[in-house]
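One structure is given here, and the rest of the page talks about it.
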Amino acid sequence: MVLNDKDMRSAWEKVENYFQGSSIWMKWYCTGCGAIELPPTLTSRFDMERLGMGPMATPRQADILLITGYLSFKTLRRVIYSYEQMQEPKYIVAFGSCTVNGGIYYDSYSVMNRLDFYLPVDLYIAGCMPRPEAILNGFKELKSMIKAGKAEGYKKYKENYEWYRKNQIHSLKEVYVKDEFHE
Amino acid sequence: MDLSLMAILLLIGSFITYFVSRSNKKVGSYLTILITLFALMYVYILKNNIGLTYELFGVITFKVTYLGWYFSIIMATVYFSAAFFNPFWMEKFLYPSQYNLMYLLSFLGTIGLFFSNDLLTIFIFWEITVWTSTFIIPLGKSRKAGVMYFVISSIGSMGLLFTLMLMYNKVGTLEISKVFNMLANEPKLASIVFVMFILSGLTKMGIFPFHIWLPQAHGNAPNTFSPVLSGGLVKMGGFITFLSVGVFPAYEAFKDGLHIAGIPILIYIMMLLGAVSIIVGTLMAIKSEDAKKLLAYSSVANGGYILIGILLADQLGLAGGMMHMLNHAFASAASFLAIAVVAYKTNTTKISELGGMIHKMPVTYTVFLISIISLAGIPPMGGFVSKWLIIQALADKGLLLIAFAAFFGSIGSFLYVFRPLSAVFLGQVAERNENLTPPSNMMRVPMIFLAGLVLYFGVLPRGVLEIIGKIQASVGITPVELNGQAIMAVNGNLDALKVFVIFGFGFVLALLLFLAFKKPRKVDLMDTYTSAEFIYTKELYHYAHDFYAPFERLYGNHPSVEKWADQISYKVKEVGDLVNKVFFNFNPSLSILWITVLIVIIYLGGVII
Amino acid sequence: MNLINFLQAIGIVLFAFIFQTSLTGINRKITARIQRRRGPVWYQQFLDIFKALTKTSITHGWIYDFGVIMALGGIAATLMMVPIAGFESFPGMDNIFIITYLLAVGMLGMAMSASGSGNPWAAIGVSRALTSMLAYDIPFMLVMIGLIFKFDTASLSNFAALQQTGSIVTWNIIKYPIGGFVALISLQGMLGKKPFDNFIAPAEIASGPMVEYGGKHLGMLFILHELSTFIEVGLIVNIFFGGGPTVIAFLVKYVIVYTLTNMVSQVLARFKVDQMVMFYYKVPLALAFIQGFIIVITNSGGVLWF
């Protein structure tokens, strides 16, 4: 069997996927009321570090962005900015029913209903709020997805960038705000 | 190759430059470059004439020694490099032709000083240098700086004059190698002469408590003369200090007195003054907000190192002090030149107003980086070799307090040299500095030359150390031991070339690791982590003011020598006012009183006496 | 210096990296047990570093890349000079001052690169790191001066050899306990562990100098941290704990010292920078001076004034 360039690249990608699936750093930035379930998951009783995950302070260092709960439009601008500052490969995990279809805030004027239109989501964890056991289950699923090469949200974002941008502008009117409070 | 001929040629050349500058300023400043180059080459050739004496005008005698040659080469290099910057400042000066004249005359003064053979010649050239540089300093920003420089230098000159007159009275000759020999057996006279003689060195090097002129003079002098002041003229103090332990039999004269850890108490007190000036210089440099004042305080601290090294007067310490003079001269001159380039382009040296200069002048940044690595004493630059020598000598003798000051200065210097690098050259670029043109090549050439010398003496220090060894042998101290490029000491060796090679090897390994992975994508400086907030003003995100605020708060209310000197001057003024009121009053009754007292004294004086 | 020396040097760097990274992973497990949980696998730190190296990254200019390379190069060069149980790849180069000052090259490179990113958090972190360096280095170097004066040598392998002549009582930590205590407190500061980790401070200044690093820069910085830990703990083991006649003895002492510092760091809170400077200049500095004066006075036979 002769190894050609494509085989070598895919072998190298398999190695990369293994490393990226075994050590995941989350951005310690939690958007909605689901954030309250993250500290118990991280600390002694449920111990997220067993899965190789840990918190990191800035988007430049982080691998996954957690959208925990509802996402108001003001926060959506900052989340998009943070997501674009992250470095590839990057993944988004959405907690709770608010990210799926709006949840209990489905008829609010300031909260979005479908996260899928604005940012590519790799994994949803259902619940209102999901308990730490559910979160750990979801992260295990994420790990196996990454190792199998199926978590390709960032590639989808790059390929369909115009579509995502159109949706963002449609709902937000401008992503980078410049007014008298941001000079 | 006559030395007195060169002195006369320099004198004539400086006056020619004056007259040429009256008609065309720029050509005059180019003449300074040529004349200093000529002097540099002349001094270099003088190496073959070691041991010869020359005479000038019957009063001045020169002798070519290794010591004089070593110092003169350093001075000539610094003057020559700084001369390249003269043409750019000719439009900004009020009196450009006087500047060129004084520049060359002060150069003549220093060269004459280092090659002197008797104390009178030293005094003559010392005064020439002080007077000419006093007239250059006010051409910058403030007249008070020139006055302060002159006053404190006069204290030193008075010390020198006192020594001169006292020794001439006792011995009858003023030749350096003979004049102090009789003091080896008279400790009391020797202590007085020692203090007076080294006083001139202390005031010139800026040792505590005479350090107050350094930040004023270096900070306010014209940007193109500050490198000469700091890298050159301060070394005159080092010359006198060397004479006061090398030629003056300090250790023999005091050998029966009180000793602390094997060092006579008077010399130990001087070393303590050096240690205090290291600490004071470091702490004030960490606090300062102006780049030139920061470098001036760093000269205070380095002057302390030189004083400690030379006063140890043994195999390693003396070599360390002498080599530190060379390293400090070149590194300080290079960093002042880099700041001068920034000041030429942006018209300010205040750190909080600058930022991001690396994107406009990368060569200047590299020169500044190399010079501050040497000032901080980090391998592989030159400053590490001299600091290693001094610290090894201190560890040999077990001097704990002075070693504490030496380490404090060494690590504190990381703090204050990093601050201008980070706040002036790195960071965000201010809006008003967006459209700067790169500096011209004539400014880059001397900076690269000095930086190259700094690097060269850090990697291959053998050349310098051989000459220092000959200087040590000429005053009867064991010369420093060399083996290839390594320095052999009692406690351990330093092979500077090997350190550089290993460092290069490590760098290559890291570079290979870096290049093996994906190429990074370039991103603008304002696209940075701000907790996802949108930012548009660059000046607000440049951390430059109060850089070490938590540390500065710890010594915020410190006693200050300037305030103490101010108080003394007020007291003198009060005493003068009192005398004025009592003796020179307009009230006629007081005059009649004093006349009557005088008559009574004259009358009764005959009876009493 | 020939090719064999350089190959040995590369070998030492790889060995130190693998050993220290595994030890860090095991210490993460020990930390977890202190906090009554399980913790990651013992090779988790390797996975972290390789994951960081394989990500894409951004750069803010040439100085941002150059600083990281210079830092890692300086630290790797320093590591090549540290003796391990008498085995030196470059004999004669293990002077204490050279090693201490070359460590500063690493810090300078990282500081340059962090400031070059243009983020004020990075500049704050760097100013705190440099102020901390002023705090912890002085008592340590004073103790070193005393020991160099006593033993008349500044070479690490000589220090190690001089302590292996007898049993445990010839170790410097037993003969000079005050100095050893001061050195261990300074080690806590040098490694940047709590309570002296204010320059990293993830929630306070967004991890300080590392705020803009990601991808291979972050991976190289982690490697830098592991290598500099090895140098610093190796320094203490050689000077105070006898250095080990065999490699196994050296590694056992190393594991004990590092685990001790880790366990101490997990139960203490963080100091502010000025509190740290004031702390180091009170008790450790006084103890270092006392130790130094004891050595100087006893060495010169008690004759200090005459």
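Identifiers for the structure tokens are assigned positionally: chains receive A, B, ... in sequence, residues are indexed from 1 per chain, and ligands are indexed from 1 in the order shown.
Residue-level contacts from chain A to chain C at 6 Å, counting only C-alpha atoms, read Phe19, Gln20, Ser23, Ser44, Glu49, Arg50, Gly52, Ala57, Arg60, Gln61 and Glu88 of chain A.
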For this session: Within 6 Å of Met56 of chain A, counting only C-alpha atoms, which residues show up once you throw out same-chain ones fewer than 4 positions away? Write them as JSON, numbers by chain, please.
Result: {"A": [27, 28, 62]}
Chain A contacts to chain B at 10 Å (only C-alpha atoms) as a PDB file with all heavy atoms, in the first residue's frame:
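The result, stored in part-v5.pdb:
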ATOM      1  N   TYR A  29     -17.118  31.445  30.255  1.00  0.00           N
ATOM      2  CA  TYR A  29     -17.950  32.590  29.908  1.00  0.00           C
ATOM      3  C   TYR A  29     -19.335  32.030  29.680  1.00  0.00           C
ATOM      4  O   TYR A  29     -19.562  31.280  28.743  1.00  0.00           O
ATOM      5  CB  TYR A  29     -17.400  33.210  28.641  1.00  0.00           C
ATOM      6  CG  TYR A  29     -18.299  34.209  27.968  1.00  0.00           C
ATOM      7  CD1 TYR A  29     -18.554  35.422  28.556  1.00  0.00           C
ATOM      8  CD2 TYR A  29     -18.853  33.926  26.742  1.00  0.00           C
ATOM      9  CE1 TYR A  29     -19.354  36.342  27.942  1.00  0.00           C
ATOM     10  CE2 TYR A  29     -19.659  34.845  26.119  1.00  0.00           C
ATOM     11  CZ  TYR A  29     -19.904  36.050  26.721  1.00  0.00           C
ATOM     12  OH  TYR A  29     -20.695  36.954  26.099  1.00  0.00           O
ATOM     13  N   ALA A  57      -9.163  31.301  30.363  1.00  0.00           N
ATOM     14  CA  ALA A  57      -9.703  32.644  30.582  1.00  0.00           C
ATOM     15  C   ALA A  57     -10.130  33.363  29.315  1.00  0.00           C
ATOM     16  O   ALA A  57     -11.087  34.106  29.341  1.00  0.00           O
ATOM     17  CB  ALA A  57      -8.665  33.485  31.312  1.00  0.00           C
ATOM     18  N   THR A  58      -9.437  33.173  28.204  1.00  0.00           N
ATOM     19  CA  THR A  58      -9.706  34.033  27.057  1.00  0.00           C
ATOM     20  C   THR A  58     -10.092  33.205  25.840  1.00  0.00           C
ATOM     21  O   THR A  58      -9.762  32.030  25.763  1.00  0.00           O
ATOM     22  CB  THR A  58      -8.475  34.854  26.706  1.00  0.00           C
ATOM     23  OG1 THR A  58      -7.486  33.971  26.222  1.00  0.00           O
ATOM     24  CG2 THR A  58      -7.940  35.588  27.896  1.00  0.00           C
ATOM     25  N   PRO A  59     -10.770  33.812  24.868  1.00  0.00           N
ATOM     26  CA  PRO A  59     -11.167  33.018  23.705  1.00  0.00           C
ATOM     27  C   PRO A  59      -9.993  32.545  22.877  1.00  0.00           C
ATOM     28  O   PRO A  59     -10.101  31.546  22.174  1.00  0.00           O
ATOM     29  CB  PRO A  59     -12.060  33.963  22.907  1.00  0.00           C
ATOM     30  CG  PRO A  59     -11.753  35.301  23.412  1.00  0.00           C
ATOM     31  CD  PRO A  59     -11.339  35.140  24.824  1.00  0.00           C
ATOM     32  N   ARG A  60      -8.854  33.265  22.952  1.00  0.00           N
ATOM     33  CA  ARG A  60      -7.719  32.817  22.159  1.00  0.00           C
ATOM     34  C   ARG A  60      -7.205  31.470  22.621  1.00  0.00           C
ATOM     35  O   ARG A  60      -6.580  30.741  21.874  1.00  0.00           O
ATOM     36  CB  ARG A  60      -6.581  33.832  22.262  1.00  0.00           C
ATOM     37  CG  ARG A  60      -6.917  35.202  21.794  1.00  0.00           C
ATOM     38  CD  ARG A  60      -6.657  35.343  20.341  1.00  0.00           C
ATOM     39  NE  ARG A  60      -6.805  36.719  19.929  1.00  0.00           N
ATOM     40  CZ  ARG A  60      -7.321  37.078  18.783  1.00  0.00           C
ATOM     41  NH1 ARG A  60      -7.760  36.165  17.954  1.00  0.00           N
ATOM     42  NH2 ARG A  60      -7.405  38.349  18.475  1.00  0.00           N
ATOM     43  N   THR A  75     -26.089  40.210  23.975  1.00  0.00           N
ATOM     44  CA  THR A  75     -25.020  39.242  24.226  1.00  0.00           C
ATOM     45  C   THR A  75     -24.630  38.539  22.940  1.00  0.00           C
ATOM     46  O   THR A  75     -23.474  38.144  22.774  1.00  0.00           O
ATOM     47  CB  THR A  75     -25.475  38.205  25.255  1.00  0.00           C
ATOM     48  OG1 THR A  75     -26.202  38.872  26.263  1.00  0.00           O
ATOM     49  CG2 THR A  75     -24.312  37.501  25.865  1.00  0.00           C
ATOM     50  N   ARG A  77     -24.175  39.732  20.028  1.00  0.00           N
ATOM     51  CA  ARG A  77     -23.100  40.443  19.334  1.00  0.00           C
ATOM     52  C   ARG A  77     -21.745  40.065  19.922  1.00  0.00           C
ATOM     53  O   ARG A  77     -20.794  39.788  19.202  1.00  0.00           O
ATOM     54  CB  ARG A  77     -23.276  41.944  19.489  1.00  0.00           C
ATOM     55  CG  ARG A  77     -24.464  42.502  18.787  1.00  0.00           C
ATOM     56  CD  ARG A  77     -24.384  44.017  18.792  1.00  0.00           C
ATOM     57  NE  ARG A  77     -25.525  44.555  18.080  1.00  0.00           N
ATOM     58  CZ  ARG A  77     -26.557  45.132  18.655  1.00  0.00           C
ATOM     59  NH1 ARG A  77     -26.600  45.266  19.957  1.00  0.00           N
ATOM     60  NH2 ARG A  77     -27.557  45.590  17.929  1.00  0.00           N
ATOM     61  N   ARG A  78     -21.656  40.071  21.257  1.00  0.00           N
ATOM     62  CA  ARG A  78     -20.379  39.760  21.890  1.00  0.00           C
ATOM     63  C   ARG A  78     -19.987  38.307  21.682  1.00  0.00           C
ATOM     64  O   ARG A  78     -18.809  37.984  21.544  1.00  0.00           O
ATOM     65  CB  ARG A  78     -20.441  40.045  23.408  1.00  0.00           C
ATOM     66  CG  ARG A  78     -20.190  41.478  23.763  1.00  0.00           C
ATOM     67  CD  ARG A  78     -21.387  42.309  23.565  1.00  0.00           C
ATOM     68  NE  ARG A  78     -21.159  43.703  23.935  1.00  0.00           N
ATOM     69  CZ  ARG A  78     -21.951  44.677  23.599  1.00  0.00           C
ATOM     70  NH1 ARG A  78     -23.029  44.436  22.869  1.00  0.00           N
ATOM     71  NH2 ARG A  78     -21.696  45.897  23.980  1.00  0.00           N
ATOM     72  N   VAL A  79     -21.009  37.423  21.655  1.00  0.00           N
ATOM     73  CA  VAL A  79     -20.692  36.005  21.459  1.00  0.00           C
ATOM     74  C   VAL A  79     -20.126  35.788  20.066  1.00  0.00           C
ATOM     75  O   VAL A  79     -19.164  35.046  19.885  1.00  0.00           O
ATOM     76  CB  VAL A  79     -21.949  35.144  21.694  1.00  0.00           C
ATOM     77  CG1 VAL A  79     -21.731  33.743  21.195  1.00  0.00           C
ATOM     78  CG2 VAL A  79     -22.271  35.099  23.156  1.00  0.00           C
ATOM     79  N   ILE A  80     -20.700  36.483  19.065  1.00  0.00           N
ATOM     80  CA  ILE A  80     -20.177  36.329  17.700  1.00  0.00           C
ATOM     81  C   ILE A  80     -18.738  36.845  17.637  1.00  0.00           C
ATOM     82  O   ILE A  80     -17.863  36.217  17.032  1.00  0.00           O
ATOM     83  CB  ILE A  80     -21.067  37.091  16.706  1.00  0.00           C
ATOM     84  CG1 ILE A  80     -22.437  36.446  16.668  1.00  0.00           C
ATOM     85  CG2 ILE A  80     -20.447  37.117  15.337  1.00  0.00           C
ATOM     86  CD1 ILE A  80     -23.418  37.216  15.860  1.00  0.00           C
ATOM     87  N   TYR A  81     -18.473  38.007  18.306  1.00  0.00           N
ATOM     88  CA  TYR A  81     -17.116  38.560  18.314  1.00  0.00           C
ATOM     89  C   TYR A  81     -16.145  37.585  18.967  1.00  0.00           C
ATOM     90  O   TYR A  81     -15.052  37.319  18.450  1.00  0.00           O
ATOM     91  CB  TYR A  81     -17.149  39.888  19.048  1.00  0.00           C
ATOM     92  CG  TYR A  81     -15.886  40.700  19.006  1.00  0.00           C
ATOM     93  CD1 TYR A  81     -15.092  40.753  17.872  1.00  0.00           C
ATOM     94  CD2 TYR A  81     -15.483  41.442  20.099  1.00  0.00           C
ATOM     95  CE1 TYR A  81     -13.946  41.510  17.842  1.00  0.00           C
ATOM     96  CE2 TYR A  81     -14.349  42.205  20.080  1.00  0.00           C
ATOM     97  CZ  TYR A  81     -13.589  42.240  18.948  1.00  0.00           C
ATOM     98  OH  TYR A  81     -12.446  42.989  18.925  1.00  0.00           O
ATOM     99  N   SER A  82     -16.571  36.997  20.114  1.00  0.00           N
ATOM    100  CA  SER A  82     -15.697  36.032  20.795  1.00  0.00           C
ATOM    101  C   SER A  82     -15.466  34.807  19.929  1.00  0.00           C
ATOM    102  O   SER A  82     -14.357  34.297  19.844  1.00  0.00           O
ATOM    103  CB  SER A  82     -16.314  35.583  22.114  1.00  0.00           C
ATOM    104  OG  SER A  82     -16.234  36.581  23.055  1.00  0.00           O
ATOM    105  N   TYR A  83     -16.545  34.343  19.262  1.00  0.00           N
ATOM    106  CA  TYR A  83     -16.389  33.134  18.458  1.00  0.00           C
ATOM    107  C   TYR A  83     -15.406  33.378  17.324  1.00  0.00           C
ATOM    108  O   TYR A  83     -14.600  32.509  16.989  1.00  0.00           O
ATOM    109  CB  TYR A  83     -17.748  32.706  17.909  1.00  0.00           C
ATOM    110  CG  TYR A  83     -17.710  31.435  17.116  1.00  0.00           C
ATOM    111  CD1 TYR A  83     -17.471  30.217  17.736  1.00  0.00           C
ATOM    112  CD2 TYR A  83     -17.895  31.445  15.748  1.00  0.00           C
ATOM    113  CE1 TYR A  83     -17.423  29.053  17.021  1.00  0.00           C
ATOM    114  CE2 TYR A  83     -17.857  30.285  15.017  1.00  0.00           C
ATOM    115  CZ  TYR A  83     -17.617  29.088  15.661  1.00  0.00           C
ATOM    116  OH  TYR A  83     -17.556  27.930  14.934  1.00  0.00           O
ATOM    117  N   GLN A  85     -12.939  35.380  17.437  1.00  0.00           N
ATOM    118  CA  GLN A  85     -11.586  35.498  17.977  1.00  0.00           C
ATOM    119  C   GLN A  85     -10.998  34.148  18.326  1.00  0.00           C
ATOM    120  O   GLN A  85      -9.778  34.034  18.479  1.00  0.00           O
ATOM    121  CB  GLN A  85     -11.585  36.352  19.243  1.00  0.00           C
ATOM    122  CG  GLN A  85     -11.446  37.810  18.962  1.00  0.00           C
ATOM    123  CD  GLN A  85     -11.285  38.601  20.227  1.00  0.00           C
ATOM    124  OE1 GLN A  85     -11.592  38.126  21.315  1.00  0.00           O
ATOM    125  NE2 GLN A  85     -10.798  39.808  20.093  1.00  0.00           N
ATOM    126  N   GLN A  87      -9.628  30.304  17.998  1.00  0.00           N
ATOM    127  CA  GLN A  87      -8.790  29.719  16.961  1.00  0.00           C
ATOM    128  C   GLN A  87      -9.261  28.330  16.639  1.00  0.00           C
ATOM    129  O   GLN A  87      -9.682  27.591  17.500  1.00  0.00           O
ATOM    130  CB  GLN A  87      -7.345  29.715  17.460  1.00  0.00           C
ATOM    131  CG  GLN A  87      -6.801  31.104  17.405  1.00  0.00           C
ATOM    132  CD  GLN A  87      -5.634  31.300  18.330  1.00  0.00           C
ATOM    133  OE1 GLN A  87      -5.504  32.306  18.960  1.00  0.00           O
ATOM    134  NE2 GLN A  87      -4.787  30.314  18.406  1.00  0.00           N
ATOM    135  N   VAL A 175     -23.053  44.073  13.855  1.00  0.00           N
ATOM    136  CA  VAL A 175     -22.417  43.216  14.850  1.00  0.00           C
ATOM    137  C   VAL A 175     -21.422  44.021  15.688  1.00  0.00           C
ATOM    138  O   VAL A 175     -21.428  43.965  16.914  1.00  0.00           O
ATOM    139  CB  VAL A 175     -21.709  42.030  14.167  1.00  0.00           C
ATOM    140  CG1 VAL A 175     -21.023  41.174  15.202  1.00  0.00           C
ATOM    141  CG2 VAL A 175     -22.714  41.214  13.410  1.00  0.00           C
ATOM    142  N   TYR A 176     -20.556  44.817  15.046  1.00  0.00           N
ATOM    143  CA  TYR A 176     -19.588  45.626  15.794  1.00  0.00           C
ATOM    144  C   TYR A 176     -20.208  46.975  16.027  1.00  0.00           C
ATOM    145  O   TYR A 176     -20.389  47.760  15.113  1.00  0.00           O
ATOM    146  CB  TYR A 176     -18.280  45.784  15.016  1.00  0.00           C
ATOM    147  CG  TYR A 176     -17.648  44.471  14.672  1.00  0.00           C
ATOM    148  CD1 TYR A 176     -17.486  44.080  13.356  1.00  0.00           C
ATOM    149  CD2 TYR A 176     -17.230  43.608  15.676  1.00  0.00           C
ATOM    150  CE1 TYR A 176     -16.915  42.875  13.049  1.00  0.00           C
ATOM    151  CE2 TYR A 176     -16.670  42.402  15.375  1.00  0.00           C
ATOM    152  CZ  TYR A 176     -16.514  42.045  14.064  1.00  0.00           C
ATOM    153  OH  TYR A 176     -15.953  40.855  13.763  1.00  0.00           O
ATOM    154  N   VAL A 177     -20.524  47.249  17.304  1.00  0.00           N
ATOM    155  CA  VAL A 177     -21.263  48.449  17.635  1.00  0.00           C
ATOM    156  C   VAL A 177     -20.303  49.613  17.791  1.00  0.00           C
ATOM    157  O   VAL A 177     -19.250  49.485  18.403  1.00  0.00           O
ATOM    158  CB  VAL A 177     -22.034  48.219  18.943  1.00  0.00           C
ATOM    159  CG1 VAL A 177     -22.677  49.469  19.415  1.00  0.00           C
ATOM    160  CG2 VAL A 177     -23.039  47.126  18.742  1.00  0.00           C
ATOM    161  N   LYS A 178     -20.664  50.775  17.219  1.00  0.00           N
ATOM    162  CA  LYS A 178     -19.864  51.979  17.471  1.00  0.00           C
ATOM    163  C   LYS A 178     -20.823  53.095  17.774  1.00  0.00           C
ATOM    164  O   LYS A 178     -21.452  53.653  16.891  1.00  0.00           O
ATOM    165  CB  LYS A 178     -19.007  52.324  16.254  1.00  0.00           C
ATOM    166  CG  LYS A 178     -18.036  53.446  16.563  1.00  0.00           C
ATOM    167  CD  LYS A 178     -16.992  53.562  15.483  1.00  0.00           C
ATOM    168  CE  LYS A 178     -16.180  54.809  15.595  1.00  0.00           C
ATOM    169  NZ  LYS A 178     -15.373  54.938  16.783  1.00  0.00           N
ATOM    170  N   PHE A 181     -21.143  55.018  23.581  1.00  0.00           N
ATOM    171  CA  PHE A 181     -20.615  54.232  24.696  1.00  0.00           C
ATOM    172  C   PHE A 181     -19.398  53.419  24.282  1.00  0.00           C
ATOM    173  O   PHE A 181     -18.674  52.950  25.134  1.00  0.00           O
ATOM    174  CB  PHE A 181     -21.680  53.273  25.232  1.00  0.00           C
ATOM    175  CG  PHE A 181     -22.898  53.976  25.737  1.00  0.00           C
ATOM    176  CD1 PHE A 181     -24.130  53.787  25.143  1.00  0.00           C
ATOM    177  CD2 PHE A 181     -22.808  54.836  26.805  1.00  0.00           C
ATOM    178  CE1 PHE A 181     -25.251  54.435  25.601  1.00  0.00           C
ATOM    179  CE2 PHE A 181     -23.924  55.495  27.270  1.00  0.00           C
ATOM    180  CZ  PHE A 181     -25.153  55.295  26.672  1.00  0.00           C
ATOM    181  N   HIS A 182     -19.190  53.231  23.002  1.00  0.00           N
ATOM    182  CA  HIS A 182     -18.044  52.460  22.547  1.00  0.00           C
ATOM    183  C   HIS A 182     -17.225  53.343  21.634  1.00  0.00           C
ATOM    184  O   HIS A 182     -17.464  53.386  20.444  1.00  0.00           O
ATOM    185  CB  HIS A 182     -18.483  51.227  21.758  1.00  0.00           C
ATOM    186  CG  HIS A 182     -19.456  50.393  22.491  1.00  0.00           C
ATOM    187  ND1 HIS A 182     -20.815  50.521  22.349  1.00  0.00           N
ATOM    188  CD2 HIS A 182     -19.273  49.417  23.386  1.00  0.00           C
ATOM    189  CE1 HIS A 182     -21.410  49.657  23.139  1.00  0.00           C
ATOM    190  NE2 HIS A 182     -20.504  48.977  23.778  1.00  0.00           N
ATOM    191  N   GLU A 183     -16.324  54.145  22.206  1.00  0.00           N
ATOM    192  CA  GLU A 183     -15.541  55.057  21.370  1.00  0.00           C
ATOM    193  C   GLU A 183     -14.083  54.657  21.382  1.00  0.00           C
ATOM    194  O   GLU A 183     -13.652  53.903  22.220  1.00  0.00           O
ATOM    195  CB  GLU A 183     -15.721  56.487  21.852  1.00  0.00           C
ATOM    196  CG  GLU A 183     -15.833  56.647  23.357  1.00  0.00           C
ATOM    197  CD  GLU A 183     -14.526  56.561  24.096  1.00  0.00           C
ATOM    198  OE1 GLU A 183     -13.530  56.984  23.488  1.00  0.00           O
ATOM    199  OE2 GLU A 183     -14.464  56.073  25.201  1.00  0.00           O
TER     200      GLU A 183
END
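Within 6 Å of chain C, and using only C-alpha atoms, the residues found on chain B are Ile378, Ala395, Asp396, Gly398, Ile411, Leu415, Ser422, Leu426, Gly427, Gln428, Asn491, Gly492, Ile502, Phe503, Gly506, Phe507, Ala510, Leu511, Pro520, Arg521, Lys522, Val523, Leu525, Tyr541, Tyr543, Pro550 and Phe551 of chain B.
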Export of prior selection with C-alpha atoms as an mmCIF file, in the first residue's frame:
data_model
loop_
_atom_site.group_PDB
_atom_site.id
_atom_site.type_symbol
_atom_site.label_atom_id
_atom_site.label_comp_id
_atom_site.auth_asym_id
_atom_site.auth_seq_id
_atom_site.Cartn_x
_atom_site.Cartn_y
_atom_site.Cartn_z
ATOM 1 C CA ILE B 378 21.874 39.102 30.921
ATOM 2 C CA ALA B 395 31.319 36.055 46.920
ATOM 3 C CA ASP B 396 35.038 35.406 47.293
ATOM 4 C CA GLY B 398 31.993 37.270 51.722
ATOM 5 C CA ILE B 411 17.301 42.228 39.352
ATOM 6 C CA LEU B 415 12.317 46.117 35.906
ATOM 7 C CA SER B 422 7.359 47.830 26.653
ATOM 8 C CA LEU B 426 5.820 47.842 22.090
ATOM 9 C CA GLY B 427 2.131 48.201 22.687
ATOM 10 C CA GLN B 428 -0.412 50.194 20.742
ATOM 11 C CA ASN B 491 35.054 29.674 42.381
ATOM 12 C CA GLY B 492 34.286 28.718 38.833
ATOM 13 C CA ILE B 502 24.744 26.917 23.573
ATOM 14 C CA PHE B 503 22.216 29.730 23.557
ATOM 15 C CA GLY B 506 18.780 26.242 21.981
ATOM 16 C CA PHE B 507 17.387 29.039 19.829
ATOM 17 C CA ALA B 510 13.065 26.286 19.412
ATOM 18 C CA LEU B 511 12.911 27.773 15.914
ATOM 19 C CA PRO B 520 -0.090 31.657 12.115
ATOM 20 C CA ARG B 521 -2.469 34.192 10.670
ATOM 21 C CA LYS B 522 -1.641 37.874 11.091
ATOM 22 C CA VAL B 523 -4.089 39.926 13.115
ATOM 23 C CA LEU B 525 -3.205 44.953 17.261
ATOM 24 C CA TYR B 541 -5.320 50.559 25.691
ATOM 25 C CA TYR B 543 -0.386 50.486 29.542
ATOM 26 C CA PRO B 550 1.968 48.502 43.387
ATOM 27 C CA PHE B 551 5.723 48.453 43.902
#
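Near Lys150 of chain A, within 12 Å and counting only C-alpha atoms, sit Lys14, Asn17, Gly21, Tyr91, Asp122, Leu123, Glu141, Leu142, Lys143, Ser144, Met145, Ile146, Lys147, Gly153, Tyr154, Lys155 and Lys156 of chain A; same-chain residues fewer than 3 positions away were not included.
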Problem set entry | Surrounding residues of Leu66 of chain A excluding itself and chain neighbours under 5 positions, 7 Å, only C-alpha atoms, as a PyMOL selection string | chain A and resi 30+92-94
Requested write-out: all heavy atoms of the selected residues, as a short mmCIF file (atom, residue, chain, number, x, y, z; two decimals), in the first residue's frame:
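The result, written out as out_1.cif:
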data_model
loop_
_atom_site.label_atom_id
_atom_site.label_comp_id
_atom_site.auth_asym_id
_atom_site.auth_seq_id
_atom_site.Cartn_x
_atom_site.Cartn_y
_atom_site.Cartn_z
N CYS A 30 -20.21 32.34 30.56
CA CYS A 30 -21.49 31.65 30.51
C CYS A 30 -22.60 32.65 30.36
O CYS A 30 -22.67 33.64 31.07
CB CYS A 30 -21.65 30.86 31.80
SG CYS A 30 -20.17 29.88 32.10
N ILE A 92 -19.00 24.55 19.39
CA ILE A 92 -20.00 25.23 20.21
C ILE A 92 -20.92 24.16 20.78
O ILE A 92 -21.40 23.29 20.04
CB ILE A 92 -20.82 26.24 19.40
CG1 ILE A 92 -19.90 27.37 18.95
CG2 ILE A 92 -21.93 26.80 20.26
CD1 ILE A 92 -20.65 28.50 18.35
N VAL A 93 -21.18 24.24 22.08
CA VAL A 93 -22.13 23.34 22.72
C VAL A 93 -23.24 24.19 23.29
O VAL A 93 -22.99 25.14 24.01
CB VAL A 93 -21.46 22.53 23.84
CG1 VAL A 93 -22.48 21.71 24.57
CG2 VAL A 93 -20.39 21.65 23.26
N ALA A 94 -24.45 23.87 22.96
CA ALA A 94 -25.59 24.68 23.39
C ALA A 94 -26.37 23.92 24.45
O ALA A 94 -26.75 22.77 24.24
CB ALA A 94 -26.48 24.98 22.19
#
